[in-house]
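File shown here: input_32.cif, holding mmCIF, C-alpha atoms and all ligand atoms.
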data_work
loop_
_atom_site.group_PDB
_atom_site.id
_atom_site.type_symbol
_atom_site.label_atom_id
_atom_site.label_comp_id
_atom_site.auth_asym_id
_atom_site.auth_seq_id
_atom_site.Cartn_x
_atom_site.Cartn_y
_atom_site.Cartn_z
ATOM 1 C CA MET A 1 41.949 -35.791 -85.932
ATOM 2 C CA PRO A 2 42.863 -38.425 -83.409
ATOM 3 C CA THR A 3 39.754 -40.416 -82.514
ATOM 4 C CA LEU A 4 37.261 -39.105 -79.960
ATOM 5 C CA LEU A 5 38.494 -41.915 -77.696
ATOM 6 C CA THR A 6 41.963 -40.427 -77.545
ATOM 7 C CA HIS A 7 41.464 -36.684 -76.927
ATOM 8 C CA PRO A 8 40.375 -37.337 -73.299
ATOM 9 C CA ALA A 9 43.776 -38.971 -72.621
ATOM 10 C CA ILE A 10 45.189 -35.508 -71.859
ATOM 11 C CA PRO A 11 42.741 -34.413 -69.104
ATOM 12 C CA LEU A 12 42.598 -37.969 -67.733
ATOM 13 C CA ALA A 13 46.392 -38.090 -67.415
ATOM 14 C CA MET A 14 46.358 -34.758 -65.567
ATOM 15 C CA ALA A 15 43.573 -36.042 -63.324
ATOM 16 C CA CYS A 16 45.487 -39.248 -62.471
ATOM 17 C CA GLY A 17 48.690 -37.322 -61.870
ATOM 18 C CA LEU A 18 47.307 -34.448 -59.808
ATOM 19 C CA GLY A 19 44.753 -36.417 -57.795
ATOM 20 C CA ARG A 20 41.101 -36.020 -56.855
ATOM 21 C CA ASP A 21 41.866 -33.554 -54.047
ATOM 22 C CA LYS A 22 42.992 -31.020 -56.667
ATOM 23 C CA LEU A 23 40.644 -32.044 -59.483
ATOM 24 C CA PRO A 24 37.164 -33.117 -58.388
ATOM 25 C CA ALA A 25 35.250 -35.694 -60.450
ATOM 26 C CA ARG A 26 32.895 -33.141 -61.987
ATOM 27 C CA LEU A 27 35.780 -30.979 -63.158
ATOM 28 C CA ILE A 28 37.506 -34.040 -64.659
ATOM 29 C CA ALA A 29 34.275 -34.929 -66.493
ATOM 30 C CA ALA A 30 34.056 -31.341 -67.772
ATOM 31 C CA GLY A 31 37.687 -31.621 -68.924
ATOM 32 C CA VAL A 32 36.862 -34.770 -70.908
ATOM 33 C CA VAL A 33 33.951 -32.949 -72.576
ATOM 34 C CA ALA A 34 36.154 -29.900 -73.274
ATOM 35 C CA SER A 35 38.763 -32.129 -74.922
ATOM 36 C CA ILE A 36 36.304 -33.516 -77.495
ATOM 37 C CA LEU A 37 34.008 -30.499 -77.867
ATOM 38 C CA PRO A 38 35.952 -28.895 -80.782
ATOM 39 C CA ASP A 39 35.084 -31.850 -83.042
ATOM 40 C CA LEU A 40 31.395 -30.966 -82.933
ATOM 41 C CA ASP A 41 32.398 -28.825 -85.893
ATOM 42 C CA VAL A 42 32.068 -31.925 -88.112
ATOM 43 C CA LEU A 43 28.342 -31.120 -88.029
ATOM 44 C CA ALA A 44 29.226 -28.219 -90.325
ATOM 45 C CA PHE A 45 29.723 -30.740 -93.157
ATOM 46 C CA ARG A 46 26.003 -31.533 -92.955
ATOM 47 C CA TRP A 47 25.219 -27.872 -93.478
ATOM 48 C CA GLY A 48 27.494 -27.635 -96.494
ATOM 49 C CA VAL A 49 30.284 -25.635 -94.817
ATOM 50 C CA PRO A 50 33.563 -26.495 -96.607
ATOM 51 C CA TYR A 51 36.406 -28.066 -94.596
ATOM 52 C CA ALA A 52 38.728 -25.140 -95.330
ATOM 53 C CA ALA A 53 36.212 -22.460 -94.236
ATOM 54 C CA GLU A 54 36.725 -20.600 -90.954
ATOM 55 C CA PHE A 55 33.643 -22.359 -89.553
ATOM 56 C CA GLY A 56 34.595 -25.673 -91.148
ATOM 57 C CA HIS A 57 36.359 -28.632 -89.544
ATOM 58 C CA ARG A 58 39.503 -27.655 -87.586
ATOM 59 C CA GLY A 59 38.508 -24.004 -87.923
ATOM 60 C CA PHE A 60 37.163 -21.685 -85.206
ATOM 61 C CA SER A 61 36.338 -24.460 -82.709
ATOM 62 C CA HIS A 62 39.980 -25.590 -82.688
ATOM 63 C CA SER A 63 41.325 -22.092 -81.992
ATOM 64 C CA LEU A 64 42.956 -20.900 -78.789
ATOM 65 C CA LEU A 65 40.163 -18.320 -78.470
ATOM 66 C CA PHE A 66 37.561 -21.112 -78.406
ATOM 67 C CA ALA A 67 39.582 -22.902 -75.689
ATOM 68 C CA LEU A 68 39.607 -19.638 -73.726
ATOM 69 C CA ALA A 69 35.814 -19.335 -74.097
ATOM 70 C CA VAL A 70 35.393 -22.913 -72.803
ATOM 71 C CA ALA A 71 37.631 -22.075 -69.829
ATOM 72 C CA LEU A 72 35.587 -18.950 -69.052
ATOM 73 C CA VAL A 73 32.375 -21.010 -69.084
ATOM 74 C CA GLY A 74 34.178 -23.293 -66.614
ATOM 75 C CA VAL A 75 34.900 -20.293 -64.373
ATOM 76 C CA ALA A 76 31.190 -19.410 -64.351
ATOM 77 C CA LEU A 77 30.280 -23.030 -63.569
ATOM 78 C CA ALA A 78 33.042 -23.543 -60.963
ATOM 79 C CA PRO A 79 30.647 -23.962 -58.000
ATOM 80 C CA LEU A 80 28.716 -26.597 -59.983
ATOM 81 C CA LEU A 81 31.994 -28.333 -60.815
ATOM 82 C CA ARG A 82 32.895 -28.266 -57.083
ATOM 83 C CA SER A 83 36.170 -26.528 -57.878
ATOM 84 C CA THR A 84 37.800 -23.149 -57.513
ATOM 85 C CA ARG A 85 37.466 -20.675 -60.357
ATOM 86 C CA GLY A 86 41.232 -20.737 -60.933
ATOM 87 C CA ARG A 87 41.471 -24.508 -61.195
ATOM 88 C CA SER A 88 38.394 -24.694 -63.436
ATOM 89 C CA PHE A 89 39.899 -22.077 -65.732
ATOM 90 C CA TRP A 90 43.346 -23.610 -66.117
ATOM 91 C CA PHE A 91 42.220 -27.224 -66.323
ATOM 92 C CA LEU A 92 39.534 -26.558 -68.941
ATOM 93 C CA LEU A 93 41.818 -24.239 -70.922
ATOM 94 C CA PHE A 94 44.447 -26.977 -70.991
ATOM 95 C CA ALA A 95 41.923 -29.694 -71.922
ATOM 96 C CA ALA A 96 40.283 -27.685 -74.720
ATOM 97 C CA ALA A 97 43.563 -26.321 -76.140
ATOM 98 C CA SER A 98 45.123 -29.799 -76.120
ATOM 99 C CA HIS A 99 42.576 -30.867 -78.747
ATOM 100 C CA GLY A 100 44.038 -28.635 -81.457
ATOM 101 C CA VAL A 101 47.588 -29.551 -80.464
ATOM 102 C CA LEU A 102 46.861 -33.290 -80.887
ATOM 103 C CA ASP A 103 45.140 -32.631 -84.208
ATOM 104 C CA ALA A 104 48.172 -30.624 -85.359
ATOM 105 C CA LEU A 105 50.301 -33.709 -84.713
ATOM 106 C CA THR A 106 48.274 -35.817 -87.173
ATOM 107 C CA ASN A 107 49.478 -36.542 -90.687
ATOM 108 C CA GLY A 108 46.365 -35.701 -92.687
ATOM 109 C CA GLY A 109 43.512 -33.306 -93.352
ATOM 110 C CA LEU A 110 44.012 -29.575 -93.089
ATOM 111 C CA GLY A 111 45.932 -27.796 -90.349
ATOM 112 C CA ILE A 112 44.492 -26.072 -87.287
ATOM 113 C CA ALA A 113 43.221 -22.477 -87.177
ATOM 114 C CA PHE A 114 44.904 -21.787 -83.834
ATOM 115 C CA LEU A 115 44.863 -18.016 -84.268
ATOM 116 C CA TRP A 116 41.258 -17.565 -85.463
ATOM 117 C CA PRO A 117 39.747 -14.886 -85.661
ATOM 118 C CA PHE A 118 43.020 -12.978 -86.024
ATOM 119 C CA SER A 119 44.237 -15.277 -88.772
ATOM 120 C CA ALA A 120 42.521 -18.008 -90.794
ATOM 121 C CA GLU A 121 45.838 -19.717 -91.487
ATOM 122 C CA ARG A 122 45.917 -23.439 -90.704
ATOM 123 C CA TYR A 123 48.916 -24.831 -88.819
ATOM 124 C CA PHE A 124 50.466 -28.272 -88.400
ATOM 125 C CA ALA A 125 53.136 -29.215 -85.847
ATOM 126 C CA PRO A 126 56.615 -29.581 -87.387
ATOM 127 C CA PHE A 127 56.439 -33.297 -86.506
ATOM 128 C CA GLN A 128 53.250 -35.270 -87.340
ATOM 129 C CA PRO A 129 53.562 -38.833 -86.030
ATOM 130 C CA ILE A 130 49.855 -39.551 -85.364
ATOM 131 C CA GLU A 131 47.890 -41.287 -88.113
ATOM 132 C CA VAL A 132 44.887 -39.132 -88.945
ATOM 133 C CA ALA A 133 41.525 -40.791 -88.175
ATOM 134 C CA PRO A 134 39.183 -41.063 -91.168
ATOM 135 C CA LEU A 135 36.021 -38.989 -90.881
ATOM 136 C CA ARG A 136 33.860 -41.856 -92.202
ATOM 137 C CA LEU A 137 33.108 -44.690 -89.773
ATOM 138 C CA SER A 138 33.170 -47.243 -92.628
ATOM 139 C CA ARG A 139 36.832 -46.362 -93.342
ATOM 140 C CA PHE A 140 37.658 -46.526 -89.651
ATOM 141 C CA LEU A 141 36.304 -50.095 -89.353
ATOM 142 C CA SER A 142 39.189 -51.505 -91.378
ATOM 143 C CA LEU A 143 42.952 -52.047 -91.152
ATOM 144 C CA ARG A 144 43.252 -48.275 -91.431
ATOM 145 C CA GLY A 145 41.399 -47.983 -88.090
ATOM 146 C CA VAL A 146 43.844 -50.420 -86.459
ATOM 147 C CA ALA A 147 46.810 -48.354 -87.706
ATOM 148 C CA VAL A 148 45.190 -45.173 -86.324
ATOM 149 C CA LEU A 149 44.547 -46.708 -82.888
ATOM 150 C CA TRP A 150 48.080 -48.123 -82.744
ATOM 151 C CA SER A 151 49.667 -44.743 -83.505
ATOM 152 C CA GLU A 152 47.422 -43.083 -80.888
ATOM 153 C CA LEU A 153 48.477 -45.694 -78.328
ATOM 154 C CA VAL A 154 52.162 -45.079 -79.036
ATOM 155 C CA TRP A 155 52.129 -41.295 -79.468
ATOM 156 C CA VAL A 156 49.352 -40.208 -77.080
ATOM 157 C CA TRP A 157 48.314 -42.828 -74.501
ATOM 158 C CA LEU A 158 51.814 -44.061 -73.594
ATOM 159 C CA PRO A 159 53.308 -40.549 -73.141
ATOM 160 C CA CYS A 160 50.193 -39.537 -71.148
ATOM 161 C CA PHE A 161 50.622 -42.620 -68.960
ATOM 162 C CA GLY A 162 54.269 -41.645 -68.400
ATOM 163 C CA VAL A 163 53.344 -38.075 -67.440
ATOM 164 C CA ALA A 164 50.611 -39.306 -65.064
ATOM 165 C CA CYS A 165 53.070 -41.709 -63.370
ATOM 166 C CA ALA A 166 55.717 -38.971 -63.049
ATOM 167 C CA LEU A 167 53.212 -36.519 -61.500
ATOM 168 C CA LEU A 168 51.920 -39.220 -59.149
ATOM 169 C CA ALA A 169 55.468 -40.141 -58.063
ATOM 170 C CA TYR A 170 56.308 -36.458 -57.461
ATOM 171 C CA ARG A 171 53.125 -35.972 -55.418
ATOM 172 C CA ARG A 172 53.928 -39.003 -53.253
ATOM 173 C CA TYR A 173 57.530 -37.834 -52.797
ATOM 174 C CA ARG A 174 56.312 -34.383 -51.668
ATOM 175 C CA ALA A 175 53.783 -35.956 -49.258
ATOM 176 C CA SER A 176 56.348 -38.323 -47.684
ATOM 177 C CA ALA A 177 58.948 -35.506 -47.407
ATOM 178 C CA SER A 178 56.388 -33.305 -45.671
ATOM 179 C CA LEU A 179 55.439 -36.159 -43.309
ATOM 180 C CA ALA A 180 59.119 -36.756 -42.476
ATOM 181 C CA ARG A 181 59.612 -33.025 -41.712
ATOM 182 C CA THR A 182 56.540 -32.986 -39.448
ATOM 183 C CA SER A 183 57.766 -36.083 -37.571
ATOM 184 C CA ALA A 184 61.257 -34.590 -37.160
ATOM 185 C CA THR A 185 59.796 -31.331 -35.769
ATOM 186 C CA LYS A 186 57.672 -33.266 -33.250
ATOM 187 C CA ALA A 187 60.610 -35.436 -32.154
ATOM 188 C CA ASN A 188 62.916 -32.433 -31.807
ATOM 189 C CA PRO A 189 60.813 -29.339 -31.046
ATOM 190 C CA GLY A 190 63.934 -27.220 -30.362
ATOM 191 C CA PRO A 191 64.882 -25.020 -27.393
HETATM 192 ZN ZN ZN B 201 39.608 -31.985 -83.976
#
What does this structure look like when you write it as structure tokens?
Amino acid sequence: MPTLLTHPAIPLAMACGLGRDKLPARLIAAGVVASILPDLDVLAFRWGVPYAAEFGHRGFSHSLLFALAVALVGVALAPLLRSTRGRSFWFLLFAAASHGVLDALTNGGLGIAFLWPFSAERYFAPFQPIEVAPLRLSRFLSLRGVAVLWSELVWVWLPCFGVACALLAYRRYRASASLARTSATKANPGP
């Protein structure tokens, strides 16, 4: 997995790019939680569930069905999140599903059970540039941890920053174009 610090990069980039008028703070916070929630499955190790089992790490909680369930909880909680049901659904679906996609881009561990419960097969992306984060904290606090954080910076945070900037620039362009149209209509109201 990428580290728990890095999964929130996806919803945070969307939040920066789309703006607080579309994504209220509570929904953004819920998106951050949704992006790291699948890794609660590491608790299964404590209960003796093997990594490769359907309820093991990168199993059911990393599936698209789990992301859909998270999104549906978001729909039910939309008034609490101060958002519309539609926005809650799509934002939380995106945030939760992005977790498995990032994990599938890592170069270690087992693949992701995207299609659980229809298939227990584990999948990796065809290209795996992200250094997998060690599950043990002691291994993370070493040069290995530095290599992991560097690869996450290059392959996750920088692209997310680029997407956020592009969305922000597009939003500003749309706003200034709309303002220019309004001004032109006022200056020349027609016959
Ligand atoms: Zn994970």
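When the PyMOL selection byres (((chain A and resi 149-166) around 9) and not hetatm) is evaluated against the file, it yields Pro2, Thr3, Thr6, His7, Ala9, Ile10, Leu12, Ala13, Met14, Ala15, Cys16, Gly17, Leu18, Leu102, Pro129, Ile130, Glu131, Ala133, Arg144, Gly145, Val146, Ala147, Val148, Leu167, Leu168, Ala169, Tyr170 and Arg171 of chain A.
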Step by step, work through what the PyMOL selection byres (((not hetatm)) within 6 of (chain B and resi 201)) selects in the shown file, and finish by giving those residues as a ChimeraX atom specification.
/A:1,38-39,58,103
Would you mind reading off the distance between atom CA of Ser63 of chain A and atom CA of Gly111 of chain A, one decimal, in Å?
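Atom-to-atom, atom CA of Ser63 of chain A to atom CA of Gly111 of chain A, that is 11.1 Å.
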If we count only C-alpha atoms, what is near Arg26 of chain A at a cut-off of 7 Å, once residues fewer than 3 positions away on the same chain are taken out, given as a compact mmCIF listing (two decimals) with C-alpha atoms, in the coordinates of the input?
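Written file, result.txt:
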# COMPACT_ATOMS: atom_id res chain seq x y z
CA ALA A 29 34.28 -34.93 -66.49
CA ALA A 30 34.06 -31.34 -67.77
CA LEU A 81 31.99 -28.33 -60.82
CA ARG A 82 32.90 -28.27 -57.08
Given the PyMOL selection byres (((chain A and resi 118-122) around 10) and not hetatm) and the file above, list the residues it selects as an MDAnalysis selection string.
chainID A and resid 52:55 58:60 63 65 104 110:117 123:124
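Of the listed residues A:Ala69, A:Phe89, A:Pro126, A:Val132, the one whose atoms come nearest to Thr106 of chain A is A:Val132, with distances taken using all atoms listed in the file.
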Distance of atom CA of Ser83 of chain A from atom CA of Ile28 of chain A, expressed in Å to one decimal place
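Separating atom CA of Ile28 of chain A from atom CA of Ser83 of chain A is a distance of 10.2 Å.
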Which of these, A:Leu135, A:Leu93, A:Ala177, A:Ala187, has the shortest distance to Val42 of chain A once you count only C-alpha atoms?
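Checking each candidate against Val42 of chain A, we get A:Leu135 as the closest.
Here atom CA of Ser88 of chain A and atom CA of Leu27 of chain A stand 6.8 Å from one another.
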